[in-house]
Amino acid sequence: MIGVVLIILQSILSVLQDLGEEIFMQATDFPATMMLGMEGLYGFCIGLVIYFTVGDQLRIEDIDSTMSMLSNNTKLRWWVVGLPFLFLLTGIFNIKATGVTSAMTRNVWKNMRTVLVWVAALGIFYLGKDSAYGEAWHTP
């Protein structure tokens, strides 16, 4: 039940975000990268508030252990730097697409990305030499 509520909440928030982007990008001369930066700053601030009010109290994250892992693992340090950079590039392309077309068009392409990943997983499973990779076609 919690999963369903979270999915519904995410859908509502995604619609509100898309509406906000559409209004700022189409109705005004708001720069796309500034919009992306404001969204990122907003998400960062909300994340900090949630972490310091709930996460720290529940002992979800052990900061000392995290810092120890980061200092001992070079690949993890690159991951911590590279993943936000990948999110930044994806966000820039998404927000530019909203500026050129609309939020609705961008959402259609987001869903097509999911289909593309699924088709690639099917191809890897059936065309690859090792069936441990990819995804098999299952019918209910």
# chains A, B, ... in the order shown; residues from 1 in each chain; ligands from 1
>>> residues_around(residues="Thr33 of chain A", least_positions_apart="2", cutoff="10 Å", atoms="only C-alpha atoms", output="ChimeraX atom specification")
/A:30-31,35-39,88,91-93,95-96
>>> write_last_selection(atoms="N, CA, C and O atoms", output="short mmCIF file (atom, residue, chain, number, x, y, z; two decimals), in the first residue's frame")
data_model
loop_
_atom_site.label_atom_id
_atom_site.label_comp_id
_atom_site.auth_asym_id
_atom_site.auth_seq_id
_atom_site.Cartn_x
_atom_site.Cartn_y
_atom_site.Cartn_z
N PHE A 30 12.28 32.68 -19.51
CA PHE A 30 13.09 32.13 -18.44
C PHE A 30 14.15 31.20 -19.04
O PHE A 30 13.82 30.29 -19.79
N PRO A 31 15.44 31.38 -18.72
CA PRO A 31 16.49 30.51 -19.29
C PRO A 31 16.35 29.06 -18.80
O PRO A 31 16.07 28.81 -17.63
N MET A 35 16.37 27.39 -14.90
CA MET A 35 15.25 26.59 -14.41
C MET A 35 15.77 25.28 -13.84
O MET A 35 15.36 24.84 -12.76
N LEU A 36 16.68 24.63 -14.54
CA LEU A 36 17.26 23.37 -14.08
C LEU A 36 18.02 23.57 -12.78
O LEU A 36 17.90 22.77 -11.85
N GLY A 37 18.79 24.64 -12.70
CA GLY A 37 19.53 24.93 -11.47
C GLY A 37 18.62 25.18 -10.29
O GLY A 37 18.89 24.73 -9.17
N MET A 38 17.52 25.90 -10.52
CA MET A 38 16.58 26.15 -9.44
C MET A 38 15.90 24.85 -8.98
O MET A 38 15.70 24.65 -7.79
N GLU A 39 15.57 23.97 -9.93
CA GLU A 39 14.99 22.68 -9.56
C GLU A 39 15.98 21.86 -8.74
O GLU A 39 15.60 21.22 -7.76
N LEU A 88 22.97 15.83 -14.46
CA LEU A 88 23.00 17.21 -14.96
C LEU A 88 22.84 17.24 -16.48
O LEU A 88 22.03 18.01 -17.00
N GLY A 91 19.33 16.28 -17.37
CA GLY A 91 18.43 17.38 -17.04
C GLY A 91 18.51 18.52 -18.04
O GLY A 91 17.49 19.11 -18.41
N ILE A 92 19.73 18.84 -18.48
CA ILE A 92 19.89 19.92 -19.47
C ILE A 92 19.18 19.55 -20.76
O ILE A 92 18.45 20.37 -21.34
N PHE A 93 19.37 18.32 -21.23
CA PHE A 93 18.69 17.90 -22.47
C PHE A 93 17.17 17.89 -22.29
O PHE A 93 16.43 18.29 -23.19
N ILE A 95 15.31 19.71 -20.15
CA ILE A 95 14.76 21.06 -20.02
C ILE A 95 14.85 21.80 -21.35
O ILE A 95 13.96 22.59 -21.69
N LYS A 96 15.89 21.54 -22.14
CA LYS A 96 15.98 22.14 -23.48
C LYS A 96 14.87 21.60 -24.38
O LYS A 96 14.30 22.35 -25.17
#
>>> closest_atom_pairs(of="segment 69-130 of chain A", to="segment 2-18 of chain A", cutoff="9 Å", atoms="only C-alpha atoms", output="CSV")
residue,atom,partner,partner_atom,distance
A:Thr98,CA,A:Asp18,CA,8.8
A:Ser102,CA,A:Asp18,CA,9.0
A:Ala103,CA,A:Asp18,CA,5.7
A:Met104,CA,A:Asp18,CA,8.0
A:Asn107,CA,A:Asp18,CA,8.8
>>> atom_distance(atom1="atom CA of Leu122 of chain A", atom2="atom CA of Thr139 of chain A")
13.4 Å
>>> atom_distance(atom1="atom CA of Leu127 of chain A", atom2="atom CA of Trp79 of chain A")
29.5 Å
>>> atom_distance(atom1="atom CA of Phe52 of chain A", atom2="atom CA of Leu76 of chain A")
23.8 Å
>>> decode(residues="segment 53-77 of chain A", atoms="N, CA and C atoms", output="PDB file, in the first residue's frame")
ATOM      1  N   THR A  53      15.882  16.003   9.517  1.00  0.00           N
ATOM      2  CA  THR A  53      14.730  15.843  10.410  1.00  0.00           C
ATOM      3  C   THR A  53      14.342  14.387  10.612  1.00  0.00           C
ATOM      4  N   VAL A  54      14.431  13.579   9.560  1.00  0.00           N
ATOM      5  CA  VAL A  54      13.961  12.196   9.659  1.00  0.00           C
ATOM      6  C   VAL A  54      15.106  11.199   9.558  1.00  0.00           C
ATOM      7  N   GLY A  55      15.938  11.345   8.533  1.00  0.00           N
ATOM      8  CA  GLY A  55      16.984  10.366   8.252  1.00  0.00           C
ATOM      9  C   GLY A  55      18.002  10.223   9.369  1.00  0.00           C
ATOM     10  N   ASP A  56      18.437  11.333   9.917  1.00  0.00           N
ATOM     11  CA  ASP A  56      19.425  11.270  10.982  1.00  0.00           C
ATOM     12  C   ASP A  56      18.836  10.680  12.255  1.00  0.00           C
ATOM     13  N   GLN A  57      17.577  10.950  12.514  1.00  0.00           N
ATOM     14  CA  GLN A  57      16.922  10.431  13.718  1.00  0.00           C
ATOM     15  C   GLN A  57      16.725   8.918  13.650  1.00  0.00           C
ATOM     16  N   LEU A  58      16.468   8.407  12.455  1.00  0.00           N
ATOM     17  CA  LEU A  58      16.225   6.976  12.272  1.00  0.00           C
ATOM     18  C   LEU A  58      17.509   6.183  12.077  1.00  0.00           C
ATOM     19  N   ARG A  59      18.636   6.866  12.053  1.00  0.00           N
ATOM     20  CA  ARG A  59      19.940   6.238  11.854  1.00  0.00           C
ATOM     21  C   ARG A  59      19.979   5.445  10.552  1.00  0.00           C
ATOM     22  N   ILE A  60      19.449   6.054   9.501  1.00  0.00           N
ATOM     23  CA  ILE A  60      19.426   5.403   8.195  1.00  0.00           C
ATOM     24  C   ILE A  60      20.822   5.393   7.573  1.00  0.00           C
ATOM     25  N   GLU A  61      21.583   6.439   7.795  1.00  0.00           N
ATOM     26  CA  GLU A  61      22.898   6.578   7.181  1.00  0.00           C
ATOM     27  C   GLU A  61      23.957   6.772   8.257  1.00  0.00           C
ATOM     28  N   ASP A  62      25.057   6.030   8.134  1.00  0.00           N
ATOM     29  CA  ASP A  62      26.200   6.184   9.029  1.00  0.00           C
ATOM     30  C   ASP A  62      27.260   6.982   8.281  1.00  0.00           C
ATOM     31  N   ILE A  63      27.387   8.264   8.615  1.00  0.00           N
ATOM     32  CA  ILE A  63      28.289   9.167   7.893  1.00  0.00           C
ATOM     33  C   ILE A  63      29.744   8.696   7.985  1.00  0.00           C
ATOM     34  N   ASP A  64      30.161   8.229   9.153  1.00  0.00           N
ATOM     35  CA  ASP A  64      31.548   7.769   9.303  1.00  0.00           C
ATOM     36  C   ASP A  64      31.852   6.599   8.376  1.00  0.00           C
ATOM     37  N   SER A  65      30.929   5.668   8.279  1.00  0.00           N
ATOM     38  CA  SER A  65      31.105   4.526   7.389  1.00  0.00           C
ATOM     39  C   SER A  65      31.144   4.975   5.925  1.00  0.00           C
ATOM     40  N   THR A  66      30.286   5.923   5.577  1.00  0.00           N
ATOM     41  CA  THR A  66      30.251   6.434   4.204  1.00  0.00           C
ATOM     42  C   THR A  66      31.569   7.101   3.841  1.00  0.00           C
ATOM     43  N   MET A  67      32.081   7.942   4.721  1.00  0.00           N
ATOM     44  CA  MET A  67      33.346   8.628   4.460  1.00  0.00           C
ATOM     45  C   MET A  67      34.499   7.630   4.370  1.00  0.00           C
ATOM     46  N   SER A  68      34.463   6.588   5.181  1.00  0.00           N
ATOM     47  CA  SER A  68      35.493   5.554   5.129  1.00  0.00           C
ATOM     48  C   SER A  68      35.447   4.817   3.794  1.00  0.00           C
ATOM     49  N   MET A  69      34.251   4.476   3.339  1.00  0.00           N
ATOM     50  CA  MET A  69      34.112   3.800   2.046  1.00  0.00           C
ATOM     51  C   MET A  69      34.608   4.691   0.910  1.00  0.00           C
ATOM     52  N   LEU A  70      34.274   5.977   0.961  1.00  0.00           N
ATOM     53  CA  LEU A  70      34.701   6.897  -0.092  1.00  0.00           C
ATOM     54  C   LEU A  70      36.217   7.076  -0.106  1.00  0.00           C
ATOM     55  N   SER A  71      36.837   7.093   1.062  1.00  0.00           N
ATOM     56  CA  SER A  71      38.284   7.287   1.106  1.00  0.00           C
ATOM     57  C   SER A  71      39.049   6.042   0.666  1.00  0.00           C
ATOM     58  N   ASN A  72      38.436   4.864   0.767  1.00  0.00           N
ATOM     59  CA  ASN A  72      39.124   3.617   0.426  1.00  0.00           C
ATOM     60  C   ASN A  72      38.808   3.096  -0.972  1.00  0.00           C
ATOM     61  N   ASN A  73      37.830   3.668  -1.665  1.00  0.00           N
ATOM     62  CA  ASN A  73      37.389   3.107  -2.928  1.00  0.00           C
ATOM     63  C   ASN A  73      37.384   4.190  -4.014  1.00  0.00           C
ATOM     64  N   THR A  74      38.339   4.098  -4.936  1.00  0.00           N
ATOM     65  CA  THR A  74      38.457   5.089  -6.005  1.00  0.00           C
ATOM     66  C   THR A  74      37.265   5.036  -6.954  1.00  0.00           C
ATOM     67  N   LYS A  75      36.804   3.835  -7.296  1.00  0.00           N
ATOM     68  CA  LYS A  75      35.660   3.712  -8.202  1.00  0.00           C
ATOM     69  C   LYS A  75      34.415   4.352  -7.605  1.00  0.00           C
ATOM     70  N   LEU A  76      34.228   4.210  -6.317  1.00  0.00           N
ATOM     71  CA  LEU A  76      33.071   4.818  -5.649  1.00  0.00           C
ATOM     72  C   LEU A  76      33.156   6.341  -5.672  1.00  0.00           C
ATOM     73  N   ARG A  77      34.359   6.879  -5.503  1.00  0.00           N
ATOM     74  CA  ARG A  77      34.525   8.338  -5.586  1.00  0.00           C
ATOM     75  C   ARG A  77      34.171   8.838  -6.975  1.00  0.00           C
TER      76      ARG A  77
END
